[in-house]
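Okay, so here's the structure we're looking at.
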Amino acid sequence: MSSFARQVRALLWKDLLTEARTRELLGGMVVFALLVLVIFNFAFDLRVDTIEAVAPGVLWVAISFAGIIGLGRSFILEKDRGALDGLLSAPVDRGAIYLAKLLGNLFFMLVVEAIALPVFVTFFNIGIALPELALIILLGTVGLASVGTLFAAMAASTRAREVMLPLMIFPIAVPVVIAAVEATALLLTRGSSSSRAGWIELLVAFDLIFGILSFVAFDYVVEE
Amino acid sequence: MSVTSLPLANRRSESRWRALAWYDWVLAGALFITFVAALYTAFLWAPTEAVQGDVQRIFYFHVSLAWLAYLSFFVVFLASLLYLWRRADHWDILARCSAEVGVVFTTLVLITGSLWGRPIWGTWWTWDARLTTTLILWVIYVVYLMLRAYTTDRARGARFGAVLGIIGFADVPIVQMSVVWWRTLHPQPVIEEGGLPPSMLVTMLISLLAFTLFYIVVMRQRLRIELMRDEIERLLEEAEG
């Protein structure tokens, strides 16, 4: 294993271990995602004929809102008691820090989604092709988490941490959200598979663009 | 601390930039003349559009503002790249000032567009591809200004701003693409269909020139103010020693 991969593994392990011991994050994210589903139920007063129209939006609002909580914590945790300074002065590649944080965030978001998805399907009483929905959710989550990890690092160093993170993520990640919602909607309404494939390809492209940009930009964000 | 990082030669050229120079007066004069010409041609000289009537006249300003909004954000993008590359404070100041001006222009683009849309489309707002993209563009740069305001450490704020300035601008074509896909049914903007009659084209060009001069004049004065502010901070630090 190269030293870069070893560094990523060690940093990722540290984050997972911290969460396993403190249990601060996952529980909150899961409950929050479920709450969003419940609140939307009230907001739209879901009737049978409107479910397909609103369900994709509800799912992605739940995913992105719960994701914001996790993303925000990932760097605020490091800011407490100057852990980030220690991390940055350690002989670790900055890219490895970004990648480990990204993988950690991705892991937490995917766990939340794995729990929230069955609830979503039950609440909204919909039948779907699960493997393809899983692919769309994975791709959308990668897109949100890649820019989200970068912006979380930035937001943690500003005065209004919790405010700045969603403000930066949502406008920049609009393309990801649009593509994910559209692909999910086409899946629910059983739209043509070619138009669905188009949105999925677009998601892959966005993931690559945002992933590479964020990876490169991270160096500039944490230098000091 | 961070303001004194420039080498001496650079500092001297900066002090030359701070002073009000003869070309500032030339620019201001040219701006005044072209602006009067733009108002005259747009409101009085250009023919009234057959279908839309007088409402169409707002488009001379709307299009000029839109062009300048994009120009301002392109300047933010370039200056951000240059800042990360050369680490000279003046690139950061340029980026920040251009973002401020760009946000004002984008706000005016949205307002003038709404004013036109109400009588012509029958609605203040519609989620058409171009409108949606412009709105997201506006939000991105408002957030950029907030980020700058909330980051107390100056060098850090400059780096964060540069990162958002670059990613935000790179995001624009991506947003545009996804939104166009999402709203494939939207009609092409009226102004792009066929050519404009010569008198309207001339009016359009004069308006473009007037607003571009306006951008240059405003940016120039804004930069002067920021450079003076830097100088004051530097002097204060020296005095406190």
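Going by the structure tokens order, chains are called A, B, ..., each with residues numbered from 1, while ligands are numbered from 1 in the order shown.
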Original post:
Which residues come within 8 Å of Thr158 (chain A), counting only C-alpha atoms, excluding same-chain residues fewer than 2 positions away, as a PyMOL selection string?
Top reply: (chain A and resi 154-156+160-161+164) or (chain B and resi 147+150-152)
**OP:** Kindly determine which residues of chain A lie within 10 Å of chain B, considering only C-alpha atoms, and give the answer as an MDAnalysis selection string.
**Re:** chainID A and resid 147 150:151 153:155 157:161 164:165 167:179 182 198:199 202:203 205:206 209:210 213:214 216:218 220:224
Original post:
Skipping near chain neighbours, those fewer than 4 positions away, what residues fall within 12 Å of Gly117 (chain B) using only C-alpha atoms, listed as an MDAnalysis selection string?
Top reply: chainID B and resid 52 55:56 58:59 62 109:113 121:126 128 131 189:190
Subject >> DSSP helix (DSSP H, G or I) selection over region 27-217 of chain B, as a PyMOL selection string >> reply: chain B and resi 27-45+54-86+89-121+129-150+154-182+190-192+198-217
Subject >> Neighbour list for Leu106 (chain A) as JSON, numbers by chain, cut-off 7 Å, only C-alpha atoms, skip fewer than 3 positions in-chain >> reply: {"A": [102, 103, 109, 110, 142, 145]}
For region 121-129 of chain A, list every protein, DNA or RNA residue within 10 Å, evaluated using only C-alpha atoms, and leave out those in the same chain fewer than 5 positions away; present the list as a PDB file with N, CA and C atoms, in the first residue's frame.
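Final output, selection_0.pdb:
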```
ATOM      1  N   LEU A  37     -38.863  13.892   6.238  1.00  0.00           N
ATOM      2  CA  LEU A  37     -39.893  13.115   5.533  1.00  0.00           C
ATOM      3  C   LEU A  37     -41.267  13.344   6.151  1.00  0.00           C
ATOM      4  N   VAL A  38     -41.310  13.370   7.483  1.00  0.00           N
ATOM      5  CA  VAL A  38     -42.591  13.554   8.180  1.00  0.00           C
ATOM      6  C   VAL A  38     -43.149  14.955   7.922  1.00  0.00           C
ATOM      7  N   ASN A  41     -44.641  15.377   4.656  1.00  0.00           N
ATOM      8  CA  ASN A  41     -45.928  14.718   4.610  1.00  0.00           C
ATOM      9  C   ASN A  41     -47.043  15.689   5.017  1.00  0.00           C
ATOM     10  N   LEU A  46     -49.928  14.599   1.583  1.00  0.00           N
ATOM     11  CA  LEU A  46     -49.786  13.722   0.421  1.00  0.00           C
ATOM     12  C   LEU A  46     -51.031  12.912   0.099  1.00  0.00           C
ATOM     13  N   ARG A  47     -51.471  13.078  -1.135  1.00  0.00           N
ATOM     14  CA  ARG A  47     -52.571  12.270  -1.638  1.00  0.00           C
ATOM     15  C   ARG A  47     -51.988  11.355  -2.695  1.00  0.00           C
ATOM     16  N   VAL A  48     -52.687  10.300  -2.987  1.00  0.00           N
ATOM     17  CA  VAL A  48     -52.161   9.256  -3.865  1.00  0.00           C
ATOM     18  C   VAL A  48     -51.715   9.811  -5.218  1.00  0.00           C
ATOM     19  N   ILE A  51     -48.117  11.747  -5.254  1.00  0.00           N
ATOM     20  CA  ILE A  51     -46.903  11.183  -4.669  1.00  0.00           C
ATOM     21  C   ILE A  51     -45.716  11.204  -5.641  1.00  0.00           C
ATOM     22  N   GLU A  52     -45.948  10.746  -6.871  1.00  0.00           N
ATOM     23  CA  GLU A  52     -44.829  10.690  -7.824  1.00  0.00           C
ATOM     24  C   GLU A  52     -44.260  12.083  -8.114  1.00  0.00           C
ATOM     25  N   VAL A  54     -44.091  14.705  -5.989  1.00  0.00           N
ATOM     26  CA  VAL A  54     -43.331  15.346  -4.910  1.00  0.00           C
ATOM     27  C   VAL A  54     -42.271  14.441  -4.291  1.00  0.00           C
ATOM     28  N   ALA A  55     -42.441  13.118  -4.400  1.00  0.00           N
ATOM     29  CA  ALA A  55     -41.541  12.196  -3.702  1.00  0.00           C
ATOM     30  C   ALA A  55     -40.053  12.414  -4.011  1.00  0.00           C
ATOM     31  N   LEU A  59     -37.306  13.304  -1.099  1.00  0.00           N
ATOM     32  CA  LEU A  59     -36.158  12.426  -0.833  1.00  0.00           C
ATOM     33  C   LEU A  59     -34.859  13.219  -0.858  1.00  0.00           C
ATOM     34  N   ALA A 116     -32.882   5.716   5.897  1.00  0.00           N
ATOM     35  CA  ALA A 116     -34.022   6.569   5.553  1.00  0.00           C
ATOM     36  C   ALA A 116     -34.786   6.044   4.337  1.00  0.00           C
ATOM     37  N   ALA A 134     -30.490   3.144  -5.956  1.00  0.00           N
ATOM     38  CA  ALA A 134     -29.278   3.145  -5.144  1.00  0.00           C
ATOM     39  C   ALA A 134     -28.131   3.802  -5.902  1.00  0.00           C
ATOM     40  N   THR A 184     -34.350  10.529 -10.358  1.00  0.00           N
ATOM     41  CA  THR A 184     -35.233   9.826  -9.429  1.00  0.00           C
ATOM     42  C   THR A 184     -36.680   9.907  -9.908  1.00  0.00           C
ATOM     43  N   LEU A 187     -37.367   7.636 -12.688  1.00  0.00           N
ATOM     44  CA  LEU A 187     -37.411   6.255 -12.205  1.00  0.00           C
ATOM     45  C   LEU A 187     -38.778   5.952 -11.594  1.00  0.00           C
ATOM     46  N   LEU A 188     -39.295   6.919 -10.829  1.00  0.00           N
ATOM     47  CA  LEU A 188     -40.582   6.700 -10.161  1.00  0.00           C
ATOM     48  C   LEU A 188     -41.733   6.646 -11.151  1.00  0.00           C
ATOM     49  N   THR A 189     -41.666   7.511 -12.186  1.00  0.00           N
ATOM     50  CA  THR A 189     -42.764   7.536 -13.158  1.00  0.00           C
ATOM     51  C   THR A 189     -42.500   6.561 -14.290  1.00  0.00           C
ATOM     52  N   ARG A 190     -41.448   5.798 -14.163  1.00  0.00           N
ATOM     53  CA  ARG A 190     -41.050   4.826 -15.185  1.00  0.00           C
ATOM     54  C   ARG A 190     -40.901   5.496 -16.546  1.00  0.00           C
TER      55      ARG A 190
END
```
Original post:
From the list B:Ile33, B:Val104, B:Val218, B:Val202, which residue is nearest Ala46 (chain B) when using only C-alpha atoms?
Top reply: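 Among B:Ile33, B:Val104, B:Val218, B:Val202, it is B:Val202 that comes nearest to Ala46 (chain B).
Proximity ranking of A:Trp60, A:Tyr98, A:Phe108, A:Phe32 relative to Arg73 (chain A) places A:Phe108 first, based on only C-alpha atoms.
Going from CA of Ala42 (chain B) over to CA of Leu27 (chain B), you cover 21.7 Å.
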Original post:
Nearest to Met228 (chain B): which of B:Ala99, B:Ile93, B:Tyr60, B:Leu31 is it, counting only C-alpha atoms?
Top reply: B:Ile93
**OP:** For CA of Asp85 (chain A) and CA of Ala5 (chain A), determine how far apart the two atoms are, in Å to one decimal place.
**Re:** 21.4 Å
Subject >> Contacts of Arg57 (chain B) at 12 Å (only C-alpha atoms; same-chain gap of 6+ positions) as a list in words >> reply: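 My reading of the contact set: Ala38, Leu39, Tyr40, Thr41, Ala42, Phe43, Leu44, Trp45, Ala46, Pro47, Thr48, Glu49, Ala50, Val63, Thr112, Gly113, Leu115, Trp116, Ile191, Met200, Leu201, Thr203, Met204 and Ser207 of chain B.
Between CA of Tyr70 (chain B) and CA of Gly165 (chain B) the separation is 12.7 Å.
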